[in-house]
Structure formats: C-alpha cells, structure tokens
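A.B. asks: Coordinates in query03.cif, mmCIF, C-alpha atoms, are listed below.
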```cif
data_protein
#
loop_
_atom_site.group_PDB
_atom_site.id
_atom_site.type_symbol
_atom_site.label_atom_id
_atom_site.label_comp_id
_atom_site.auth_asym_id
_atom_site.auth_seq_id
_atom_site.Cartn_x
_atom_site.Cartn_y
_atom_site.Cartn_z
ATOM 1 C CA MET Y 1 113.572 -29.566 -2.334
ATOM 2 C CA ILE Y 2 111.335 -26.735 -3.474
ATOM 3 C CA ARG Y 3 112.681 -23.448 -2.276
ATOM 4 C CA THR Y 4 110.291 -21.991 0.275
ATOM 5 C CA ASP Y 5 112.166 -18.728 0.577
ATOM 6 C CA VAL Y 6 111.480 -17.650 -3.006
ATOM 7 C CA PRO Y 7 108.101 -15.917 -3.202
ATOM 8 C CA PRO Y 8 106.361 -15.458 -6.534
ATOM 9 C CA PRO Y 9 107.369 -12.230 -8.264
ATOM 10 C CA ALA Y 10 105.159 -9.324 -7.290
ATOM 11 C CA ASP Y 11 105.539 -7.548 -10.627
ATOM 12 C CA VAL Y 12 104.427 -10.393 -12.884
ATOM 13 C CA GLN Y 13 103.495 -9.247 -16.359
ATOM 14 C CA VAL Y 14 100.204 -10.866 -17.384
ATOM 15 C CA GLY Y 15 99.773 -11.138 -21.132
ATOM 16 C CA LEU Y 16 96.899 -12.171 -23.358
ATOM 17 C CA ALA Y 17 98.178 -15.742 -23.540
ATOM 18 C CA ASP Y 18 98.185 -15.939 -19.738
ATOM 19 C CA VAL Y 19 94.611 -14.681 -19.609
ATOM 20 C CA MET Y 20 93.491 -17.290 -22.147
ATOM 21 C CA LEU Y 21 95.396 -20.160 -20.508
ATOM 22 C CA TRP Y 22 94.749 -19.473 -16.830
ATOM 23 C CA GLY Y 23 91.627 -17.315 -16.916
ATOM 24 C CA VAL Y 24 89.507 -18.698 -19.748
ATOM 25 C CA LEU Y 25 90.667 -22.244 -20.468
ATOM 26 C CA PRO Y 26 89.826 -23.644 -16.987
ATOM 27 C CA TYR Y 27 86.180 -22.634 -17.367
ATOM 28 C CA VAL Y 28 86.037 -24.094 -20.862
ATOM 29 C CA VAL Y 29 87.372 -27.373 -19.486
ATOM 30 C CA LEU Y 30 84.892 -27.320 -16.595
ATOM 31 C CA ALA Y 31 82.027 -26.725 -19.016
ATOM 32 C CA VAL Y 32 83.151 -29.587 -21.248
ATOM 33 C CA LEU Y 33 83.618 -31.873 -18.234
ATOM 34 C CA ILE Y 34 80.204 -31.156 -16.694
ATOM 35 C CA LEU Y 35 78.081 -30.839 -19.825
ATOM 36 C CA GLY Y 36 79.903 -33.664 -21.579
ATOM 37 C CA SER Y 37 79.344 -35.996 -18.627
ATOM 38 C CA ILE Y 38 75.641 -35.112 -18.480
ATOM 39 C CA TRP Y 39 75.293 -35.698 -22.215
ATOM 40 C CA ARG Y 40 77.161 -39.007 -22.009
ATOM 41 C CA TYR Y 41 75.057 -40.269 -19.124
ATOM 42 C CA ARG Y 42 71.823 -39.265 -20.814
ATOM 43 C CA TYR Y 43 72.479 -40.521 -24.319
ATOM 44 C CA ASP Y 44 75.121 -43.222 -23.892
ATOM 45 C CA GLN Y 45 74.371 -45.098 -20.678
ATOM 46 C CA PHE Y 46 75.170 -48.421 -22.330
ATOM 47 C CA GLY Y 47 78.618 -47.044 -23.149
ATOM 48 C CA TRP Y 48 79.154 -45.805 -19.578
ATOM 49 C CA THR Y 49 81.391 -48.700 -18.680
ATOM 50 C CA THR Y 50 85.010 -49.749 -18.374
ATOM 51 C CA ARG Y 51 84.510 -52.479 -21.000
ATOM 52 C CA SER Y 52 86.289 -54.928 -18.725
ATOM 53 C CA SER Y 53 88.655 -57.357 -20.425
ATOM 54 C CA GLN Y 54 89.275 -59.559 -17.404
ATOM 55 C CA LEU Y 55 87.839 -62.590 -19.192
ATOM 56 C CA TYR Y 56 90.565 -62.327 -21.832
ATOM 57 C CA GLU Y 57 93.515 -62.069 -19.442
ATOM 58 C CA SER Y 58 93.659 -61.871 -15.650
ATOM 59 C CA ARG Y 59 97.244 -62.660 -14.582
ATOM 60 C CA LEU Y 60 98.718 -59.251 -15.414
ATOM 61 C CA LEU Y 61 95.468 -57.497 -14.593
ATOM 62 C CA ARG Y 62 95.612 -58.719 -10.984
ATOM 63 C CA ILE Y 63 98.914 -56.869 -10.608
ATOM 64 C CA ALA Y 64 98.468 -53.827 -12.836
ATOM 65 C CA SER Y 65 94.943 -52.796 -11.868
ATOM 66 C CA PRO Y 66 95.511 -52.502 -8.085
ATOM 67 C CA LEU Y 67 98.823 -50.714 -8.645
ATOM 68 C CA PHE Y 68 97.212 -48.164 -10.920
ATOM 69 C CA HIS Y 69 93.963 -47.614 -9.020
ATOM 70 C CA PHE Y 70 95.401 -47.437 -5.504
ATOM 71 C CA GLY Y 71 98.273 -45.325 -6.800
ATOM 72 C CA ILE Y 72 95.984 -42.865 -8.545
ATOM 73 C CA LEU Y 73 93.789 -42.599 -5.436
ATOM 74 C CA ALA Y 74 96.838 -41.643 -3.382
ATOM 75 C CA VAL Y 75 97.857 -39.141 -6.062
ATOM 76 C CA ILE Y 76 94.374 -37.566 -5.990
ATOM 77 C CA VAL Y 77 94.502 -37.249 -2.202
ATOM 78 C CA GLY Y 78 97.929 -35.625 -2.448
ATOM 79 C CA HIS Y 79 96.714 -33.153 -5.056
ATOM 80 C CA PHE Y 80 93.697 -32.316 -2.910
ATOM 81 C CA VAL Y 81 95.885 -31.584 0.114
ATOM 82 C CA GLY Y 82 98.363 -29.520 -1.884
ATOM 83 C CA LEU Y 83 95.877 -27.536 -3.954
ATOM 84 C CA VAL Y 84 92.770 -27.152 -1.815
ATOM 85 C CA ILE Y 85 94.067 -26.852 1.756
ATOM 86 C CA PRO Y 86 95.741 -23.451 2.315
ATOM 87 C CA LYS Y 87 99.248 -23.338 3.703
ATOM 88 C CA THR Y 88 98.082 -21.412 6.774
ATOM 89 C CA TRP Y 89 95.785 -24.278 7.732
ATOM 90 C CA MET Y 90 98.670 -26.736 7.612
ATOM 91 C CA ASP Y 91 100.784 -24.396 9.741
ATOM 92 C CA ALA Y 92 97.956 -24.275 12.292
ATOM 93 C CA ILE Y 93 98.241 -28.037 12.875
ATOM 94 C CA ALA Y 94 102.043 -27.893 13.240
ATOM 95 C CA ILE Y 95 102.841 -29.092 9.720
ATOM 96 C CA ASN Y 96 105.422 -26.580 8.563
ATOM 97 C CA GLU Y 97 106.837 -26.266 5.080
ATOM 98 C CA ASP Y 98 109.689 -28.745 5.577
ATOM 99 C CA ARG Y 99 107.458 -31.447 7.024
ATOM 100 C CA TYR Y 100 104.839 -30.926 4.348
ATOM 101 C CA HIS Y 101 107.312 -31.231 1.478
ATOM 102 C CA PHE Y 102 108.990 -34.242 3.052
ATOM 103 C CA PHE Y 103 105.711 -36.153 3.158
ATOM 104 C CA ALA Y 104 104.597 -34.757 -0.196
ATOM 105 C CA LEU Y 105 107.780 -35.833 -1.961
ATOM 106 C CA SER Y 106 108.155 -39.206 -0.258
ATOM 107 C CA VAL Y 107 104.547 -40.403 -0.357
ATOM 108 C CA GLY Y 108 103.880 -38.641 -3.656
ATOM 109 C CA SER Y 109 106.868 -40.265 -5.318
ATOM 110 C CA ILE Y 110 105.793 -43.728 -4.180
ATOM 111 C CA ALA Y 111 102.210 -43.167 -5.308
ATOM 112 C CA GLY Y 112 103.302 -41.703 -8.626
ATOM 113 C CA PHE Y 113 105.732 -44.534 -9.303
ATOM 114 C CA ALA Y 114 103.069 -47.156 -8.471
ATOM 115 C CA THR Y 115 100.630 -45.411 -10.796
ATOM 116 C CA LEU Y 116 103.214 -45.284 -13.576
ATOM 117 C CA VAL Y 117 104.107 -48.964 -13.214
ATOM 118 C CA GLY Y 118 100.420 -49.862 -13.167
ATOM 119 C CA ILE Y 119 99.522 -48.003 -16.334
ATOM 120 C CA VAL Y 120 102.633 -49.257 -18.160
ATOM 121 C CA LEU Y 121 101.627 -52.831 -17.304
ATOM 122 C CA LEU Y 122 98.070 -52.134 -18.430
ATOM 123 C CA ILE Y 123 99.310 -50.783 -21.762
ATOM 124 C CA TYR Y 124 101.697 -53.720 -22.167
ATOM 125 C CA ARG Y 125 98.890 -56.157 -21.435
ATOM 126 C CA ARG Y 126 96.562 -54.433 -23.876
ATOM 127 C CA ARG Y 127 99.183 -54.449 -26.616
ATOM 128 C CA THR Y 128 100.479 -58.002 -26.204
ATOM 129 C CA THR Y 129 97.239 -59.859 -25.445
ATOM 130 C CA GLY Y 130 95.454 -60.490 -28.736
ATOM 131 C CA PRO Y 131 91.790 -60.416 -27.604
ATOM 132 C CA VAL Y 132 92.404 -57.380 -25.395
ATOM 133 C CA PHE Y 133 94.149 -55.540 -28.224
ATOM 134 C CA MET Y 134 91.294 -56.358 -30.598
ATOM 135 C CA ALA Y 135 88.848 -54.814 -28.127
ATOM 136 C CA THR Y 136 90.907 -51.608 -27.886
ATOM 137 C CA THR Y 137 89.401 -48.619 -29.679
ATOM 138 C CA ARG Y 138 91.070 -45.464 -30.956
ATOM 139 C CA ASN Y 139 89.354 -43.666 -28.105
ATOM 140 C CA ASP Y 140 91.154 -45.938 -25.645
ATOM 141 C CA LYS Y 141 94.524 -45.297 -27.282
ATOM 142 C CA VAL Y 142 94.075 -41.521 -27.066
ATOM 143 C CA MET Y 143 93.009 -41.845 -23.430
ATOM 144 C CA TYR Y 144 96.109 -43.876 -22.550
ATOM 145 C CA ILE Y 145 98.371 -41.321 -24.227
ATOM 146 C CA PHE Y 146 96.922 -38.374 -22.322
ATOM 147 C CA LEU Y 147 96.773 -40.282 -19.034
ATOM 148 C CA LEU Y 148 100.362 -41.485 -19.337
ATOM 149 C CA ALA Y 149 101.546 -37.992 -20.313
ATOM 150 C CA ALA Y 150 99.836 -36.448 -17.280
ATOM 151 C CA ILE Y 151 101.465 -39.001 -14.956
ATOM 152 C CA LEU Y 152 104.910 -38.478 -16.503
ATOM 153 C CA ALA Y 153 104.501 -34.701 -16.273
ATOM 154 C CA GLY Y 154 103.640 -35.006 -12.589
ATOM 155 C CA LEU Y 155 106.652 -37.205 -11.852
ATOM 156 C CA ALA Y 156 108.914 -34.885 -13.840
ATOM 157 C CA THR Y 157 107.635 -31.963 -11.799
ATOM 158 C CA THR Y 158 108.525 -33.860 -8.621
ATOM 159 C CA VAL Y 159 112.047 -34.559 -9.895
ATOM 160 C CA PHE Y 160 112.584 -30.948 -10.970
ATOM 161 C CA SER Y 161 111.387 -29.702 -7.598
ATOM 162 C CA VAL Y 162 114.132 -31.735 -5.909
ATOM 163 C CA PHE Y 163 117.074 -30.842 -8.132
ATOM 164 C CA ASP Y 164 116.160 -27.367 -9.425
ATOM 165 C CA ALA Y 165 116.695 -24.744 -6.740
ATOM 166 C CA GLY Y 166 114.923 -22.118 -8.832
ATOM 167 C CA ILE Y 167 111.515 -23.801 -8.670
ATOM 168 C CA VAL Y 168 108.945 -21.467 -7.137
ATOM 169 C CA ASN Y 169 106.784 -22.982 -4.411
ATOM 170 C CA TYR Y 170 103.553 -24.188 -6.030
ATOM 171 C CA ARG Y 171 101.660 -23.533 -2.797
ATOM 172 C CA ASP Y 172 102.225 -19.837 -3.462
ATOM 173 C CA THR Y 173 101.329 -19.983 -7.158
ATOM 174 C CA VAL Y 174 99.365 -22.958 -8.432
ATOM 175 C CA SER Y 175 97.340 -23.528 -5.254
ATOM 176 C CA PRO Y 176 95.946 -19.975 -4.947
ATOM 177 C CA TRP Y 177 95.136 -20.003 -8.668
ATOM 178 C CA PHE Y 178 93.355 -23.357 -8.369
ATOM 179 C CA ARG Y 179 91.204 -22.195 -5.445
ATOM 180 C CA SER Y 180 90.421 -18.917 -7.143
ATOM 181 C CA ILE Y 181 88.909 -20.735 -10.120
ATOM 182 C CA PHE Y 182 85.998 -21.973 -8.006
ATOM 183 C CA ILE Y 183 85.117 -18.540 -6.646
ATOM 184 C CA PHE Y 184 85.144 -17.127 -10.202
ATOM 185 C CA GLN Y 185 88.033 -14.783 -9.463
ATOM 186 C CA PRO Y 186 90.968 -16.483 -11.233
ATOM 187 C CA ASP Y 187 94.320 -15.353 -9.883
ATOM 188 C CA ILE Y 188 96.056 -15.247 -13.252
ATOM 189 C CA ALA Y 189 99.137 -13.503 -11.901
ATOM 190 C CA ALA Y 190 99.788 -16.294 -9.397
ATOM 191 C CA MET Y 191 99.706 -18.967 -12.084
ATOM 192 C CA THR Y 192 101.790 -16.833 -14.425
ATOM 193 C CA ALA Y 193 104.494 -16.716 -11.747
ATOM 194 C CA ALA Y 194 104.564 -20.521 -11.462
ATOM 195 C CA SER Y 195 107.513 -22.498 -12.808
ATOM 196 C CA LEU Y 196 107.333 -23.951 -16.314
ATOM 197 C CA SER Y 197 107.131 -27.567 -15.117
ATOM 198 C CA PHE Y 198 104.022 -26.807 -13.081
ATOM 199 C CA LYS Y 199 102.434 -25.038 -16.035
ATOM 200 C CA ILE Y 200 103.034 -28.031 -18.321
ATOM 201 C CA HIS Y 201 101.641 -30.422 -15.725
ATOM 202 C CA THR Y 202 98.566 -28.218 -15.287
ATOM 203 C CA LEU Y 203 97.925 -28.018 -19.029
ATOM 204 C CA TRP Y 204 98.160 -31.798 -19.386
ATOM 205 C CA GLY Y 205 95.729 -32.151 -16.500
ATOM 206 C CA LEU Y 206 93.275 -29.748 -18.130
ATOM 207 C CA ALA Y 207 93.525 -31.655 -21.411
ATOM 208 C CA LEU Y 208 92.832 -34.923 -19.590
ATOM 209 C CA PHE Y 209 89.738 -33.518 -17.895
ATOM 210 C CA ALA Y 210 88.452 -32.156 -21.191
ATOM 211 C CA LEU Y 211 88.807 -35.641 -22.663
ATOM 212 C CA TRP Y 212 87.312 -37.349 -19.611
ATOM 213 C CA PRO Y 213 83.576 -37.426 -20.531
ATOM 214 C CA PHE Y 214 84.251 -39.068 -23.887
ATOM 215 C CA THR Y 215 86.355 -42.007 -22.661
ATOM 216 C CA ARG Y 216 85.957 -44.931 -20.303
ATOM 217 C CA LEU Y 217 87.277 -42.692 -17.504
ATOM 218 C CA VAL Y 218 83.674 -41.665 -16.806
ATOM 219 C CA HIS Y 219 83.252 -44.864 -14.794
ATOM 220 C CA ALA Y 220 85.055 -43.080 -11.945
ATOM 221 C CA PHE Y 221 81.923 -40.943 -11.440
ATOM 222 C CA THR Y 222 79.781 -44.022 -10.806
ATOM 223 C CA ALA Y 223 82.137 -46.203 -8.805
ATOM 224 C CA PRO Y 224 80.061 -48.695 -6.757
ATOM 225 C CA LEU Y 225 80.946 -47.219 -3.380
ATOM 226 C CA GLN Y 226 77.595 -48.426 -2.004
ATOM 227 C CA TYR Y 227 79.028 -51.943 -2.021
ATOM 228 C CA LEU Y 228 81.061 -50.954 1.031
ATOM 229 C CA PHE Y 229 77.899 -50.258 3.037
ATOM 230 C CA ARG Y 230 75.327 -52.727 1.696
ATOM 231 C CA PRO Y 231 74.046 -55.458 4.044
ATOM 232 C CA TYR Y 232 75.137 -59.034 3.725
ATOM 233 C CA ILE Y 233 73.272 -61.183 1.209
ATOM 234 C CA VAL Y 234 71.986 -64.350 2.899
ATOM 235 C CA TYR Y 235 71.497 -67.112 0.353
ATOM 236 C CA ARG Y 236 70.591 -69.811 2.881
ATOM 237 C CA SER Y 237 69.861 -69.362 6.557
ATOM 238 C CA ARG Y 238 71.681 -71.836 8.780
ATOM 239 C CA GLY Y 239 69.408 -71.146 11.727
ATOM 240 C CA ARG Y 240 66.175 -72.119 10.008
ATOM 241 C CA ARG Y 241 64.656 -75.319 11.360
ATOM 242 C CA PRO Y 242 62.529 -77.723 9.267
ATOM 243 C CA VAL Y 243 58.763 -77.394 9.708
ATOM 244 C CA PRO Y 244 57.205 -80.566 11.202
ATOM 245 C CA GLY Y 245 55.276 -82.528 8.587
ATOM 246 C CA ALA Y 246 56.873 -80.690 5.655
ATOM 247 C CA ALA Y 247 57.918 -82.726 2.652
ATOM 248 C CA ALA Y 248 61.603 -83.450 2.215
ATOM 249 C CA PRO Y 249 63.313 -81.133 -0.255
ATOM 250 C CA ARG Y 250 63.853 -82.514 -3.737
ATOM 251 C CA ARG Y 251 66.271 -81.610 -6.459
ATOM 252 C CA GLY Y 252 64.996 -79.566 -9.349
ATOM 253 C CA TRP Y 253 62.547 -76.706 -9.584
ATOM 254 C CA ALA Y 254 60.668 -75.698 -6.455
ATOM 255 C CA PRO Y 255 57.331 -73.816 -6.272
ATOM 256 C CA VAL Y 256 57.687 -70.082 -5.832
ATOM 257 C CA GLY Y 257 54.514 -69.585 -3.807
ATOM 258 C CA THR Y 258 52.163 -68.213 -6.457
ATOM 259 C CA PRO Y 259 48.455 -67.953 -5.518
ATOM 260 C CA ASP Y 260 47.459 -70.872 -7.794
ATOM 261 C CA ARG Y 261 49.565 -73.347 -5.809
ATOM 262 C CA ASN Y 262 49.104 -74.770 -2.366
ATOM 263 C CA ARG Y 263 51.891 -75.345 0.108
ATOM 264 C CA ARG Y 264 52.708 -78.756 -1.381
ATOM 265 C CA GLY Y 265 53.074 -77.341 -4.887
ATOM 266 C CA ILE Y 266 49.879 -79.036 -6.241
ATOM 267 C CA THR Y 267 47.881 -76.960 -8.679
ATOM 268 C CA ARG Y 268 44.416 -76.096 -7.467
ATOM 269 C CA ASP Y 269 41.289 -76.851 -9.507
#
```
Can you give me the file's structure in the form of structure tokens?

C.D. replies:
Amino acid sequence: MIRTDVPPPADVQVGLADVMLWGVLPYVVLAVLILGSIWRYRYDQFGWTTRSSQLYESRLLRIASPLFHFGILAVIVGHFVGLVIPKTWMDAIAINEDRYHFFALSVGSIAGFATLVGIVLLIYRRRTTGPVFMATTRNDKVMYIFLLAAILAGLATTVFSVFDAGIVNYRDTVSPWFRSIFIFQPDIAAMTAASLSFKIHTLWGLALFALWPFTRLVHAFTAPLQYLFRPYIVYRSRGRRPVPGAAAPRRGWAPVGTPDRNRRGITRD
C-alpha cells in the first residue's frame, strides 16, 4: 500500500529541469492537443475515423475491443477521481485514505489488466491478420507503442505502490500539481516531490496526449453518444390500417408522392 504517513518533503529543491518538465511541458502538450485537434478536424475530416477493420476479422475483435474500451473507460474514471477530486472532499463523504486506496488498487488493477489484455489482443490481431496488417500505417504502429507504454507504466506504478513502502502518496504530489495546471499556477514543487514511478507515468501520459491529435485516437472526441438518446426508428408501423379502396401493395418500386403523380401512381397529363 502507498504510505499515507509520508508527506512530500517541504524543502524540495526545484531545478531548471523540473521547471521545464512540470511547469512548461504541460502547457506545450495542451497547446498541441487543442490546436492539433482543431487543425485535424478542419483540414482532415475524412481522416477523422478509426479506420475500422471489422470486415477483415471479427472473432478476436469481439473480445479485444470491449475489453480495451470498457477497461480504458474505467481507468479514465479512476484517474479523474484520484487527480481531480481533492482528498478533503473524499474525507467529507467518509472515504478515508485506507478505503480509497483499497478501491483504487482493486478496481484499478482489474481495469488496468483488462485494458492491457485488450490492447495486446488488438496488436496480436493486427499483426497476424493479413488484411488488417496491410491496412496498418506507421502512424498506427507509433500510436500502439505509446499507448501500450502508458498502460504498462500505469500498472507498474500500481505494483510499486503496493510493494515499495517509500512511495510518496500521489494525492499529496501529483494530484495538487495536476489541478494547479488548470488554474495556471503549476505547483512544480509538489510534482518534484513525487516518486519516480509517478513521474515516468506522467511523462508517458503527456507524450500520448501530444500524439493524440495526429492518430486515430481523435475519434474519442466525437464518440456517437447521441445514439444513447435518439428516438426509435420506425421502419414499418404495425398499427397502421389499410385505407378502404386502396390498391393492394405490389413488389418493386413504389411512388414517392411527387406532385406529378396522383395517389395511384399514374402520371398526370
């Protein structure tokens, strides 16, 4: 477990490298992420796609895709809770440090393992299925490397936090630094005091976000969430009764009701 009784050092020495990594680099990544996504959407809308390969192979995809996507969603929720929600707020709802880390380690480990298995299966499928491999670009290969590295770094951080008693609580270091980025007052000292595993995981995450606008990962910004709320599509109403005197339906093309046709489909003079 992460030691909760070890606060971050108060006399942390902040060097130039720390300023560049934790004070400048995050804003460079944010600029690349935002401006790159705007540029991609404006000038490459036809490329804003996942380039689905389901037609080439679907057996492995039915297993790997849900594992990866549901796993990564759980990982994102866990990161949001750990980085955005202050520790005092969790204490206010009776979730103390021990309870929080129990759920974080148990649920986070399951979600991370599912995500890892999913992406490994996706890479295996892409490498062993001929048509899928032929449709794989260099851009895709780079994306898979960075995505896999970020997942492995996160799982390694979880393992280190269990077995290394010297790990400093990330809720006292990484979380305050992360929140301070968005109020334009980066807490460089807090991130400098973080353990090395958390720093490596953070750097891999920043690299992944910098790469995001230029890969197929952009499809996450336009996920069809409206499908969950759209009304049903009625193709044929079962409650509609036949109109008396109407002609029996025939196979083939039917009139579409244009002004130059009468109700029986006969062209007017």

A.B. asks: Between atom CA of Ile34 of chain Y and atom CA of Val19 of chain Y, what distance in Å does the model show, to one decimal?

C.D. replies: 22.1 Å

A.B. asks: Within 10 Å of segment 179-188 of chain Y, counting only C-alpha atoms, which residues qualify if same-chain residues fewer than 5 places away don't, as an mmCIF file with C-alpha atoms, in the frame of the given file?

C.D. replies:
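The new file selection_38.cif reads:
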```cif
data_model
loop_
_atom_site.group_PDB
_atom_site.id
_atom_site.type_symbol
_atom_site.label_atom_id
_atom_site.label_comp_id
_atom_site.auth_asym_id
_atom_site.auth_seq_id
_atom_site.Cartn_x
_atom_site.Cartn_y
_atom_site.Cartn_z
ATOM 1 C CA VAL Y 12 104.427 -10.393 -12.884
ATOM 2 C CA VAL Y 14 100.204 -10.866 -17.384
ATOM 3 C CA GLY Y 15 99.773 -11.138 -21.132
ATOM 4 C CA ASP Y 18 98.185 -15.939 -19.738
ATOM 5 C CA VAL Y 19 94.611 -14.681 -19.609
ATOM 6 C CA MET Y 20 93.491 -17.290 -22.147
ATOM 7 C CA LEU Y 21 95.396 -20.160 -20.508
ATOM 8 C CA TRP Y 22 94.749 -19.473 -16.830
ATOM 9 C CA GLY Y 23 91.627 -17.315 -16.916
ATOM 10 C CA VAL Y 24 89.507 -18.698 -19.748
ATOM 11 C CA PRO Y 26 89.826 -23.644 -16.987
ATOM 12 C CA TYR Y 27 86.180 -22.634 -17.367
ATOM 13 C CA LEU Y 83 95.877 -27.536 -3.954
ATOM 14 C CA VAL Y 84 92.770 -27.152 -1.815
ATOM 15 C CA ILE Y 85 94.067 -26.852 1.756
ATOM 16 C CA PRO Y 86 95.741 -23.451 2.315
ATOM 17 C CA THR Y 173 101.329 -19.983 -7.158
ATOM 18 C CA VAL Y 174 99.365 -22.958 -8.432
ATOM 19 C CA ALA Y 193 104.494 -16.716 -11.747
#
```

A.B. asks: Assuming the chain letters and numbering stay as they are in my file, what does the PyMOL selection byres ((chain Y and resi 216) around 8) actually select? List them as a PyMOL selection string.

C.D. replies: chain Y and resi 48-51+140+212-215+217-219

A.B. asks: Using atom CA of Leu203 of chain Y and atom CA of Ala153 of chain Y as the two end points, give the distance in Å to one decimal.

C.D. replies: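 Atom-to-atom, atom CA of Leu203 of chain Y to atom CA of Ala153 of chain Y, that is 9.8 Å.
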
A.B. asks: Could you state which residues are captured by the PyMOL selection byres ((chain Y and resi 69-78) around 7) in this file, as an MDAnalysis selection string?

C.D. replies: chainID Y and resid 65:68 79:82 108 111:112 114:115

A.B. asks: Skipping near chain neighbours, those fewer than 5 positions away, what residues fall within 9 Å of Leu211 of chain Y using only C-alpha atoms, listed as a list in words?

C.D. replies: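 Everything that qualifies: Val29, Val32, Leu33, Met143, Phe146, Leu206 and Leu217 of chain Y.
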
A.B. asks: Please expand the PyMOL selection byres ((chain Y and resi 122) around 9) into the concrete residues it hits in this file, giving the result as a PyMOL selection string.

C.D. replies: chain Y and resi 60-61+64-65+68+117-121+123-127

A.B. asks: Tell me, in Å to one decimal, how far atom CA of Leu152 of chain Y is from atom CA of Ser106 of chain Y.

C.D. replies: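 If I compute the distance from atom CA of Leu152 of chain Y to atom CA of Ser106 of chain Y, I get 16.6 Å.
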
A.B. asks: So, with only C-alpha atoms as the atoms that count, which of Y:Ile93, Y:Val132, Y:Ile167, Y:Ser37 lies closest to Thr222 of chain Y?

C.D. replies: Y:Ser37

A.B. asks: For Leu16 of chain Y, which residue among Y:Ala207, Y:Ile200, Y:Ala104, Y:Ala189 is the nearest when counting all atoms listed in the file?

C.D. replies: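 Checking each candidate against Leu16 of chain Y, we get Y:Ala189 as the closest.
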
A.B. asks: Ranking Y:Ile110, Y:Leu147, Y:Tyr41, Y:Ser53 by minimum distance to Phe209 of chain Y and counting only C-alpha atoms, which one comes first?

C.D. replies: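 So, comparing all the options, the nearest one is Y:Leu147.
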
A.B. asks: Kindly write N, CA and C atoms of segment 52-72 of chain Y from the structure just given to a file, as a PDB file, in the first residue's frame.

C.D. replies:
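Saved the output as selection-v2.pdb:
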```pdb
ATOM      1  N   SER Y  52     -12.038   1.400 -39.265  1.00  0.00           N
ATOM      2  CA  SER Y  52     -12.450   0.089 -38.746  1.00  0.00           C
ATOM      3  C   SER Y  52     -12.032  -1.037 -39.678  1.00  0.00           C
ATOM      4  N   SER Y  53     -11.552  -2.116 -39.073  1.00  0.00           N
ATOM      5  CA  SER Y  53     -11.136  -3.303 -39.819  1.00  0.00           C
ATOM      6  C   SER Y  53     -11.993  -4.505 -39.465  1.00  0.00           C
ATOM      7  N   GLN Y  54     -13.224  -4.245 -39.023  1.00  0.00           N
ATOM      8  CA  GLN Y  54     -14.095  -5.331 -38.600  1.00  0.00           C
ATOM      9  C   GLN Y  54     -14.438  -6.269 -39.752  1.00  0.00           C
ATOM     10  N   LEU Y  55     -14.499  -5.725 -40.967  1.00  0.00           N
ATOM     11  CA  LEU Y  55     -14.828  -6.567 -42.118  1.00  0.00           C
ATOM     12  C   LEU Y  55     -13.737  -7.604 -42.383  1.00  0.00           C
ATOM     13  N   TYR Y  56     -12.509  -7.313 -41.994  1.00  0.00           N
ATOM     14  CA  TYR Y  56     -11.414  -8.240 -42.245  1.00  0.00           C
ATOM     15  C   TYR Y  56     -11.377  -9.381 -41.230  1.00  0.00           C
ATOM     16  N   GLU Y  57     -11.707  -9.054 -39.974  1.00  0.00           N
ATOM     17  CA  GLU Y  57     -11.657 -10.063 -38.913  1.00  0.00           C
ATOM     18  C   GLU Y  57     -12.530  -9.587 -37.767  1.00  0.00           C
ATOM     19  N   SER Y  58     -13.408 -10.429 -37.273  1.00  0.00           N
ATOM     20  CA  SER Y  58     -14.335 -10.012 -36.218  1.00  0.00           C
ATOM     21  C   SER Y  58     -14.302 -10.899 -34.983  1.00  0.00           C
ATOM     22  N   ARG Y  59     -13.737 -12.108 -35.083  1.00  0.00           N
ATOM     23  CA  ARG Y  59     -13.756 -13.036 -33.951  1.00  0.00           C
ATOM     24  C   ARG Y  59     -12.951 -12.489 -32.776  1.00  0.00           C
ATOM     25  N   LEU Y  60     -11.694 -12.130 -33.022  1.00  0.00           N
ATOM     26  CA  LEU Y  60     -10.874 -11.553 -31.956  1.00  0.00           C
ATOM     27  C   LEU Y  60     -11.353 -10.159 -31.578  1.00  0.00           C
ATOM     28  N   LEU Y  61     -11.845  -9.425 -32.559  1.00  0.00           N
ATOM     29  CA  LEU Y  61     -12.265  -8.051 -32.294  1.00  0.00           C
ATOM     30  C   LEU Y  61     -13.424  -8.012 -31.311  1.00  0.00           C
ATOM     31  N   ARG Y  62     -14.311  -9.001 -31.371  1.00  0.00           N
ATOM     32  CA  ARG Y  62     -15.450  -9.038 -30.444  1.00  0.00           C
ATOM     33  C   ARG Y  62     -15.005  -9.214 -29.001  1.00  0.00           C
ATOM     34  N   ILE Y  63     -13.815  -9.759 -28.801  1.00  0.00           N
ATOM     35  CA  ILE Y  63     -13.293  -9.942 -27.445  1.00  0.00           C
ATOM     36  C   ILE Y  63     -12.388  -8.773 -27.046  1.00  0.00           C
ATOM     37  N   ALA Y  64     -11.485  -8.408 -27.947  1.00  0.00           N
ATOM     38  CA  ALA Y  64     -10.462  -7.417 -27.614  1.00  0.00           C
ATOM     39  C   ALA Y  64     -11.031  -6.013 -27.479  1.00  0.00           C
ATOM     40  N   SER Y  65     -11.919  -5.631 -28.389  1.00  0.00           N
ATOM     41  CA  SER Y  65     -12.424  -4.256 -28.374  1.00  0.00           C
ATOM     42  C   SER Y  65     -13.209  -3.929 -27.105  1.00  0.00           C
ATOM     43  N   PRO Y  66     -14.173  -4.755 -26.673  1.00  0.00           N
ATOM     44  CA  PRO Y  66     -14.847  -4.425 -25.403  1.00  0.00           C
ATOM     45  C   PRO Y  66     -13.914  -4.421 -24.208  1.00  0.00           C
ATOM     46  N   LEU Y  67     -12.963  -5.369 -24.158  1.00  0.00           N
ATOM     47  CA  LEU Y  67     -12.013  -5.381 -23.050  1.00  0.00           C
ATOM     48  C   LEU Y  67     -11.238  -4.076 -22.982  1.00  0.00           C
ATOM     49  N   PHE Y  68     -10.737  -3.635 -24.127  1.00  0.00           N
ATOM     50  CA  PHE Y  68      -9.934  -2.421 -24.139  1.00  0.00           C
ATOM     51  C   PHE Y  68     -10.777  -1.183 -23.835  1.00  0.00           C
ATOM     52  N   HIS Y  69     -11.912  -1.038 -24.502  1.00  0.00           N
ATOM     53  CA  HIS Y  69     -12.678   0.202 -24.376  1.00  0.00           C
ATOM     54  C   HIS Y  69     -13.335   0.334 -22.999  1.00  0.00           C
ATOM     55  N   PHE Y  70     -13.939  -0.739 -22.500  1.00  0.00           N
ATOM     56  CA  PHE Y  70     -14.533  -0.647 -21.166  1.00  0.00           C
ATOM     57  C   PHE Y  70     -13.451  -0.526 -20.093  1.00  0.00           C
ATOM     58  N   GLY Y  71     -12.316  -1.195 -20.322  1.00  0.00           N
ATOM     59  CA  GLY Y  71     -11.215  -1.067 -19.376  1.00  0.00           C
ATOM     60  C   GLY Y  71     -10.663   0.340 -19.327  1.00  0.00           C
ATOM     61  N   ILE Y  72     -10.471   0.945 -20.491  1.00  0.00           N
ATOM     62  CA  ILE Y  72      -9.900   2.291 -20.531  1.00  0.00           C
ATOM     63  C   ILE Y  72     -10.874   3.313 -19.967  1.00  0.00           C
TER      64      ILE Y  72
END
```
